[in-house]
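Peer 1: Sending over a structure as structure tokens; questions will come in a sec.
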Amino acid sequence: MGMTVAEKILARASGLAFAQPGDVVEPKVDLAMSHENAALVINQFNEIYQGTELTPRIWDASKVAVIFDHRVPAESPKTATNQKKVREFVAAHALAKFHDIRGDVGGICHQVLPEYGYVRPGMVVVGTDSHTTSHGALGAFAFGIGATEMASVWALGVAVNVEVPATIKINVRGRFSRCVGPKDLILYLIGQLTAQGANFKVLEFQGETIEQMFTSGRLVLCNMSVEAGATAGIVPADEETARYLSEEAGVTDSLDLVQPDPDAGYEREVEINVSALSPQIACPHTVDNVKPVEQVVGRPVHQIVIGSCTNGRLDDLAMAARIVKGRKIASGTRLLVFPASGKVYRQALAKGYVGALMQAGAVVMNSGCGPCLGVHEGALGDGEIALSTTNRNFKGRMGNPNSEIYLCSPAVAAASALTGRITDPRDESL
Amino acid sequence: MATVVYKVADDVSTDAIYPGRFMATVLPEETPQFAFADDQEFNGQLKANKIPSGSYIVGGRNFGCGSSREQAVSCLKGHELVIVARSFARIFLQNSVNLGLKLVTCPEIEANLGDTLKLDAAELVNISTGRRFAIVPLPQSRQAIIDAGGLIAYTRSRLLREAANRSVEWKTIG
Ligand code: SF4
């Protein structure tokens, strides 16, 4: 029997000709990413060497990426001190892929890795962040791990005891209608699979809709695959992957576009046709509580957030700017915009999106995770309701357990900012 | 034998176990104070040391879903709690193995607050109701890490072994 993309990548990285679900393998790691939680990884890394006469040594400093994004610029002396400690470690170990708090090369880790061409098809990528699944959009096998496991990767260069997961094939057909896109598709799918429907599995996205989708949209699908519990989401690498890496990330080396075998074995297949899909909304307090927008229109919202590693890219800001241009955000509603990286921010400035959003009343903040995880900026008041293009609506996620979060696409977010209520962006009267 | 001190539903996220606003705190000695911080009552009992170590938290399916934050494991480990759930989310399960937090996967578990549970090799007995529930062992692949006493110790012993092999080779060549 043939292999799925995940099985091929894990087999190669483990020095095997073949791998199948349930096999326990030890893949070599091609890229190991951390953000501020590198502070904890450093502790655990040093702990490994405690009581030995060995000198702490990173297995390959060129393969370790550290990107500050979760609390930038630091919101507290504690965070600032952690960041300082990480900076010192990065310098001492000469880690090559370090992105400090900067307007030129900074940004959210899951935007920076693809943007700088660090992720290639066929790689094994690990990250101390659950949304590391994002990088499957470039045909890599990418999964989230904890800080102690990362410390072990730093020391050994392999991920130990990885069980090859079974793959679920998601076959997507049809054309999105106006103001409907990848975010609506993935919310719909999570609603179907449930929050644990893909636990310990890989989602492999295929079909004509995926083939025609830009990498920015594929990143949305793989980013949120973890919300169905998936170990990884993967889009098999193709011409679009090659185009993205050469045109947008400046990659010139030859690529291995790993495709699944025609006789690959899937645990099951899910068919979706997007032609009749409505904008989708994940309602409080779980990501799988998904409803078509028609069922929640009119719900008043106090804060709207556009940004994050899910939907803070240039095409997301373009969509939002197009909708609000020349109009005003409803009073009683605030719109916060967080471009996913410094590069995205600069491009959005040059194209006039930032100006259009600010003219309408949006506050455009520095790039980073911002309010997505509720530690930094944009906290909600008691009883307030947020509508957000981020990826999690767990109780308390935006810093206040006495608030509610709805998740949506940039089109729904922007249209709703104009009315102060959850609004269908296809509404012609807008 | 120990008591169920806390009971939660399906899909309990790591944001609920360890809210994001405390993530700047990373040291295992410091994280336990923020375990279930948004539930002031339970968090208060934990902080006041009213919960004996070895006590059970009973969860539903997909316990520990969401973020990979390891604080969600170290904060529970700090109180030496045992987590029984119908299923666990992948990263949480792996982090627990790595840090030595005891998990029991028990797909049919039914237990209420205050019940007494007893863990045997292949089953969990609810002494209060007299019912017995099968447990699913952790994947065999995790056993080496558990046997070593956690991932730090496991990785350390591998490094030492590699270093010893290198020095043997060196002597042979030399
Ligand atoms: S934007 Fe949100 S989900 Fe994405 S990496 Fe940052 S905190 Fe995590």
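Chain labels A, B, ... are given in the sequence in which chains occur in the structure tokens; within each chain residues are numbered consecutively from 1, and ligands are likewise numbered from 1 in the order shown.
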Find the residues near ligand 1. Use a cut-off of 7 Å, count only C-alpha atoms and all ligand atoms, and write them as a PyMOL selection string.

Peer 2: chain A and resi 69-70+108-110+129+131+308-310+368-369+372-373+390-391

Peer 1: For the residues in that selection, give me N, CA and C atoms as a PDB file, in the first residue's frame.

Peer 2:
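Saved the output as part-v6.pdb:
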ATOM      1  N   ASP A  69       6.452  37.113  19.895  1.00  0.00           N
ATOM      2  CA  ASP A  69       5.170  37.587  19.357  1.00  0.00           C
ATOM      3  C   ASP A  69       4.051  37.638  20.387  1.00  0.00           C
ATOM      4  N   HIS A  70       4.137  36.805  21.420  1.00  0.00           N
ATOM      5  CA  HIS A  70       2.964  36.671  22.286  1.00  0.00           C
ATOM      6  C   HIS A  70       2.695  37.910  23.133  1.00  0.00           C
ATOM      7  N   ILE A 108       4.177  37.523  13.994  1.00  0.00           N
ATOM      8  CA  ILE A 108       3.710  36.299  14.646  1.00  0.00           C
ATOM      9  C   ILE A 108       4.458  35.108  14.058  1.00  0.00           C
ATOM     10  N   CYS A 109       4.878  34.198  14.929  1.00  0.00           N
ATOM     11  CA  CYS A 109       5.721  33.076  14.503  1.00  0.00           C
ATOM     12  C   CYS A 109       5.157  32.349  13.273  1.00  0.00           C
ATOM     13  N   HIS A 110       3.846  32.104  13.249  1.00  0.00           N
ATOM     14  CA  HIS A 110       3.295  31.309  12.141  1.00  0.00           C
ATOM     15  C   HIS A 110       3.172  32.105  10.845  1.00  0.00           C
ATOM     16  N   ASP A 129       4.091  25.580  20.192  1.00  0.00           N
ATOM     17  CA  ASP A 129       2.847  26.318  20.034  1.00  0.00           C
ATOM     18  C   ASP A 129       1.900  25.403  19.285  1.00  0.00           C
ATOM     19  N   HIS A 131      -0.523  25.909  17.354  1.00  0.00           N
ATOM     20  CA  HIS A 131      -0.850  26.256  15.965  1.00  0.00           C
ATOM     21  C   HIS A 131       0.311  26.073  14.989  1.00  0.00           C
ATOM     22  N   SER A 308      -4.152  38.048  13.979  1.00  0.00           N
ATOM     23  CA  SER A 308      -3.681  36.753  14.473  1.00  0.00           C
ATOM     24  C   SER A 308      -3.027  35.917  13.382  1.00  0.00           C
ATOM     25  N   CYS A 309      -2.493  34.768  13.823  1.00  0.00           N
ATOM     26  CA  CYS A 309      -1.853  33.850  12.886  1.00  0.00           C
ATOM     27  C   CYS A 309      -2.882  33.209  11.963  1.00  0.00           C
ATOM     28  N   THR A 310      -4.157  33.341  12.285  1.00  0.00           N
ATOM     29  CA  THR A 310      -5.186  32.782  11.413  1.00  0.00           C
ATOM     30  C   THR A 310      -5.536  33.770  10.294  1.00  0.00           C
ATOM     31  N   GLY A 368       1.679  41.229  16.152  1.00  0.00           N
ATOM     32  CA  GLY A 368       1.924  40.332  17.283  1.00  0.00           C
ATOM     33  C   GLY A 368       0.613  39.651  17.611  1.00  0.00           C
ATOM     34  N   CYS A 369       0.616  38.881  18.692  1.00  0.00           N
ATOM     35  CA  CYS A 369      -0.583  38.111  19.042  1.00  0.00           C
ATOM     36  C   CYS A 369      -1.682  38.988  19.627  1.00  0.00           C
ATOM     37  N   CYS A 372      -5.416  38.100  21.093  1.00  0.00           N
ATOM     38  CA  CYS A 372      -5.806  36.717  20.799  1.00  0.00           C
ATOM     39  C   CYS A 372      -5.745  35.827  22.031  1.00  0.00           C
ATOM     40  N   LEU A 373      -4.732  36.025  22.876  1.00  0.00           N
ATOM     41  CA  LEU A 373      -4.640  35.135  24.039  1.00  0.00           C
ATOM     42  C   LEU A 373      -4.833  35.855  25.357  1.00  0.00           C
ATOM     43  N   THR A 390      -9.682  35.465  15.108  1.00  0.00           N
ATOM     44  CA  THR A 390      -8.673  34.572  15.678  1.00  0.00           C
ATOM     45  C   THR A 390      -9.193  33.130  15.664  1.00  0.00           C
ATOM     46  N   ASN A 391      -8.548  32.242  16.413  1.00  0.00           N
ATOM     47  CA  ASN A 391      -8.874  30.830  16.262  1.00  0.00           C
ATOM     48  C   ASN A 391      -9.450  30.152  17.501  1.00  0.00           C
TER      49      ASN A 391
END

Peer 1: Contacts of Gly420 (chain A) at 7 Å or less, counting only C-alpha atoms, minus same-chain residues fewer than 4 places along, as number ranges by chain?

Peer 2: A: 300-301, 330, 333, 416

Peer 1: What are the residues of chain B lining chain A at 8 Å or less? Count only C-alpha atoms, and put the answer as a PyMOL selection string.

Peer 2: chain B and resi 11+13+15-16+19-22+24-27+38+61-62+65-70+89-91+94-95+98-99+141-142+151-153+155-156+159-160

Peer 1: If you run DSSP on the backbone here, which positions in region 171-412 of chain A get helix (DSSP H, G or I)? Please write them as a ChimeraX atom specification.

Peer 2: /A:182-193,208-211,215-228,239-248,293-295,308-311,314-324,342-350,353-360,370-373,410-412

Peer 1: Using C-alpha atoms, can you write the selected residues to a file as a PDB file, in the first residue's frame?

Peer 2:
ATOM      1  CA  PRO A 182     -11.039  29.438   3.725  1.00  0.00           C
ATOM      2  CA  LYS A 183     -12.002  30.566   7.254  1.00  0.00           C
ATOM      3  CA  ASP A 184     -15.617  29.625   6.642  1.00  0.00           C
ATOM      4  CA  LEU A 185     -14.536  26.253   5.243  1.00  0.00           C
ATOM      5  CA  ILE A 186     -12.390  25.361   8.243  1.00  0.00           C
ATOM      6  CA  LEU A 187     -14.999  26.552  10.773  1.00  0.00           C
ATOM      7  CA  TYR A 188     -17.602  24.449   8.985  1.00  0.00           C
ATOM      8  CA  LEU A 189     -15.279  21.425   9.007  1.00  0.00           C
ATOM      9  CA  ILE A 190     -14.490  21.780  12.725  1.00  0.00           C
ATOM     10  CA  GLY A 191     -18.220  21.966  13.397  1.00  0.00           C
ATOM     11  CA  GLN A 192     -18.648  18.695  11.501  1.00  0.00           C
ATOM     12  CA  LEU A 193     -15.646  16.874  13.003  1.00  0.00           C
ATOM     13  CA  GLU A 208     -10.067  21.331  -6.779  1.00  0.00           C
ATOM     14  CA  THR A 209     -10.906  24.062  -4.240  1.00  0.00           C
ATOM     15  CA  ILE A 210      -7.625  23.461  -2.402  1.00  0.00           C
ATOM     16  CA  GLU A 211      -5.623  23.315  -5.643  1.00  0.00           C
ATOM     17  CA  THR A 215      -1.005  29.630   0.344  1.00  0.00           C
ATOM     18  CA  SER A 216      -2.492  32.349   2.576  1.00  0.00           C
ATOM     19  CA  GLY A 217      -5.800  30.449   2.574  1.00  0.00           C
ATOM     20  CA  ARG A 218      -4.114  27.070   3.053  1.00  0.00           C
ATOM     21  CA  LEU A 219      -2.404  28.508   6.132  1.00  0.00           C
ATOM     22  CA  VAL A 220      -5.853  29.255   7.588  1.00  0.00           C
ATOM     23  CA  LEU A 221      -6.967  25.646   7.070  1.00  0.00           C
ATOM     24  CA  CYS A 222      -3.852  24.085   8.578  1.00  0.00           C
ATOM     25  CA  ASN A 223      -3.692  26.656  11.387  1.00  0.00           C
ATOM     26  CA  MET A 224      -7.110  25.671  12.666  1.00  0.00           C
ATOM     27  CA  SER A 225      -6.771  21.912  12.062  1.00  0.00           C
ATOM     28  CA  VAL A 226      -5.624  21.656  15.674  1.00  0.00           C
ATOM     29  CA  GLU A 227      -9.033  22.943  16.776  1.00  0.00           C
ATOM     30  CA  ALA A 228     -10.421  19.579  15.673  1.00  0.00           C
ATOM     31  CA  GLU A 239       2.893  24.626  -8.006  1.00  0.00           C
ATOM     32  CA  GLU A 240       1.267  27.167  -5.732  1.00  0.00           C
ATOM     33  CA  THR A 241       3.628  26.147  -2.912  1.00  0.00           C
ATOM     34  CA  ALA A 242       6.574  26.628  -5.234  1.00  0.00           C
ATOM     35  CA  ARG A 243       5.181  29.984  -6.406  1.00  0.00           C
ATOM     36  CA  TYR A 244       4.672  31.222  -2.835  1.00  0.00           C
ATOM     37  CA  LEU A 245       8.162  30.195  -1.738  1.00  0.00           C
ATOM     38  CA  SER A 246       9.914  31.763  -4.709  1.00  0.00           C
ATOM     39  CA  GLU A 247       7.798  34.902  -5.190  1.00  0.00           C
ATOM     40  CA  GLU A 248       6.908  35.755  -1.605  1.00  0.00           C
ATOM     41  CA  VAL A 293     -24.155  33.485   9.961  1.00  0.00           C
ATOM     42  CA  GLU A 294     -27.894  33.556   9.201  1.00  0.00           C
ATOM     43  CA  GLN A 295     -28.550  32.023  12.610  1.00  0.00           C
ATOM     44  CA  SER A 308      -3.681  36.753  14.473  1.00  0.00           C
ATOM     45  CA  CYS A 309      -1.853  33.850  12.886  1.00  0.00           C
ATOM     46  CA  THR A 310      -5.186  32.782  11.413  1.00  0.00           C
ATOM     47  CA  ASN A 311      -6.400  35.946   9.659  1.00  0.00           C
ATOM     48  CA  LEU A 314      -2.446  40.946   3.598  1.00  0.00           C
ATOM     49  CA  ASP A 315      -5.492  39.486   1.841  1.00  0.00           C
ATOM     50  CA  ASP A 316      -7.406  39.581   5.136  1.00  0.00           C
ATOM     51  CA  LEU A 317      -6.602  43.265   5.651  1.00  0.00           C
ATOM     52  CA  ALA A 318      -7.453  43.965   2.004  1.00  0.00           C
ATOM     53  CA  MET A 319     -10.887  42.406   2.456  1.00  0.00           C
ATOM     54  CA  ALA A 320     -11.531  44.373   5.655  1.00  0.00           C
ATOM     55  CA  ALA A 321     -10.320  47.647   4.147  1.00  0.00           C
ATOM     56  CA  ARG A 322     -12.479  47.185   1.059  1.00  0.00           C
ATOM     57  CA  ILE A 323     -15.594  46.733   3.204  1.00  0.00           C
ATOM     58  CA  VAL A 324     -15.056  49.670   5.600  1.00  0.00           C
ATOM     59  CA  GLY A 342       5.903  43.797  10.190  1.00  0.00           C
ATOM     60  CA  LYS A 343       6.089  42.919   6.510  1.00  0.00           C
ATOM     61  CA  VAL A 344       2.312  42.554   6.234  1.00  0.00           C
ATOM     62  CA  TYR A 345       1.917  45.872   8.086  1.00  0.00           C
ATOM     63  CA  ARG A 346       4.239  47.689   5.689  1.00  0.00           C
ATOM     64  CA  GLN A 347       2.532  46.195   2.645  1.00  0.00           C
ATOM     65  CA  ALA A 348      -0.881  47.169   4.033  1.00  0.00           C
ATOM     66  CA  LEU A 349       0.392  50.714   4.593  1.00  0.00           C
ATOM     67  CA  ALA A 350       1.695  50.958   1.043  1.00  0.00           C
ATOM     68  CA  TYR A 353      -5.427  49.494   3.735  1.00  0.00           C
ATOM     69  CA  VAL A 354      -4.151  50.836   7.046  1.00  0.00           C
ATOM     70  CA  GLY A 355      -5.319  54.339   6.148  1.00  0.00           C
ATOM     71  CA  ALA A 356      -8.764  53.139   5.090  1.00  0.00           C
ATOM     72  CA  LEU A 357      -9.197  51.126   8.271  1.00  0.00           C
ATOM     73  CA  MET A 358      -8.077  54.004  10.513  1.00  0.00           C
ATOM     74  CA  GLN A 359     -10.255  56.515   8.657  1.00  0.00           C
ATOM     75  CA  ALA A 360     -13.208  54.278   9.406  1.00  0.00           C
ATOM     76  CA  GLY A 370      -2.288  41.051  20.730  1.00  0.00           C
ATOM     77  CA  PRO A 371      -5.694  40.247  22.239  1.00  0.00           C
ATOM     78  CA  CYS A 372      -5.806  36.717  20.799  1.00  0.00           C
ATOM     79  CA  LEU A 373      -4.640  35.135  24.039  1.00  0.00           C
ATOM     80  CA  PRO A 410     -12.374  39.024   8.101  1.00  0.00           C
ATOM     81  CA  ALA A 411     -15.377  39.778   5.833  1.00  0.00           C
ATOM     82  CA  VAL A 412     -17.890  39.097   8.610  1.00  0.00           C
TER      83      VAL A 412
END

Peer 1: Based on the backbone DSSP call, show me all residues of region 9-121 of chain B assigned strand (DSSP E or B), as a compact mmCIF listing (two decimals) with C-alpha atoms, in the first residue's frame.

Peer 2:
# COMPACT_ATOMS: atom_id res chain seq x y z
CA SER B 13 -9.03 23.64 27.50
CA TYR B 56 -8.66 12.92 41.55
CA ILE B 57 -9.92 15.40 38.99
CA VAL B 58 -12.52 13.74 36.78
CA PHE B 63 -9.33 16.98 28.46
CA CYS B 65 -7.39 20.62 24.43
CA VAL B 82 -4.35 12.50 39.29
CA ILE B 83 -6.46 13.25 36.23
CA VAL B 84 -9.07 10.73 35.10
CA ALA B 85 -10.81 11.50 31.81
CA PHE B 88 -7.08 13.42 26.55
CA LYS B 102 -0.43 10.97 36.30
CA LEU B 103 -3.25 10.49 33.77
CA VAL B 104 -5.84 7.73 33.66
CA THR B 105 -7.77 7.24 30.42
CA THR B 116 -13.78 7.52 46.37
CA LEU B 117 -11.84 5.90 43.53
CA LYS B 118 -9.36 3.07 43.60
CA LEU B 119 -6.93 2.46 40.76

Peer 1: For CA of Glu30 (chain B) and CA of Val72 (chain A), quote the distance in Å rounded to one decimal.

Peer 2: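 Between CA of Glu30 (chain B) and CA of Val72 (chain A) the gap works out to 22.8 Å.
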
Peer 1: What is the CA of Val29 (chain A) to CA of Met123 (chain A) distance in Å?

Peer 2: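 A separation of 7.7 Å between them.
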
Peer 1: Can you list, as a PyMOL selection string, every protein, DNA or RNA residue that comes within 10 Å of Thr3 (chain B) when you count only C-alpha atoms, leaving out same-chain residues fewer than 3 positions away?

Peer 2: chain B and resi 6+51-52+54-57+112-118+126-128

Peer 1: I'd like the neighbourhood of Ile17 (chain B) as an NGL selection string, where a residue qualifies if any of its atoms comes within 8 Å (using only C-alpha atoms), though same-chain residues fewer than 4 positions away should be ignored.

Peer 2: :B and (12-13 or 35-37 or 64 or 72)

Peer 1: When distances are computed from only C-alpha atoms, which of A:Val112, A:Val202, A:Ala137, A:Val125 shows the smallest separation from Arg313 (chain A)?

Peer 2: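 Counting only C-alpha atoms, the residue closest to Arg313 (chain A) is A:Val112.
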
Peer 1: Pick the closest to Ala414 (chain A) from A:Ala264, A:Leu95, A:Val270, A:Leu387: which is it, counting only C-alpha atoms?

Peer 2: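 For Ala414 (chain A), the nearest of the given residues is A:Leu387.
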
Peer 1: When you count only C-alpha atoms, which of these residues is closest to Ala92 (chain A): A:Ile58, A:Gly378, A:Ser367, A:Ser403?

Peer 2: A:Ile58

Peer 1: Got a sec: who's within 8 Å of Pro114 (chain A), counting only C-alpha atoms, leaving out chain neighbours fewer than 6 positions off, as a list in words?

Peer 2: His135, Leu138, Leu245 and Ala249 of chain A

Peer 1: Keeping N, CA and C atoms for every residue in the selection just given, could you write it to a file as a CSV table (one decimal), in the first residue's frame?

Peer 2:
chain,number,residue,atom,x,y,z
A,135,HIS,N,2.0,25.2,9.4
A,135,HIS,CA,3.1,25.0,8.4
A,135,HIS,C,2.9,23.8,7.5
A,138,LEU,N,2.5,24.4,3.7
A,138,LEU,CA,3.6,24.3,2.7
A,138,LEU,C,4.0,22.9,2.5
A,245,LEU,N,6.8,30.2,-2.3
A,245,LEU,CA,8.2,30.2,-1.7
A,245,LEU,C,9.1,31.0,-2.6
A,249,ALA,N,8.7,34.4,-0.6
A,249,ALA,CA,9.7,34.2,0.4
A,249,ALA,C,11.1,34.2,-0.1

Peer 1: Please identify all polymer residues within 8 Å of Ala362 (chain A), counting only C-alpha atoms, omitting same-chain residues fewer than 4 positions from it, and present them as an MDAnalysis selection string.

Peer 2: chainID A and resid 329 334:337 357:358
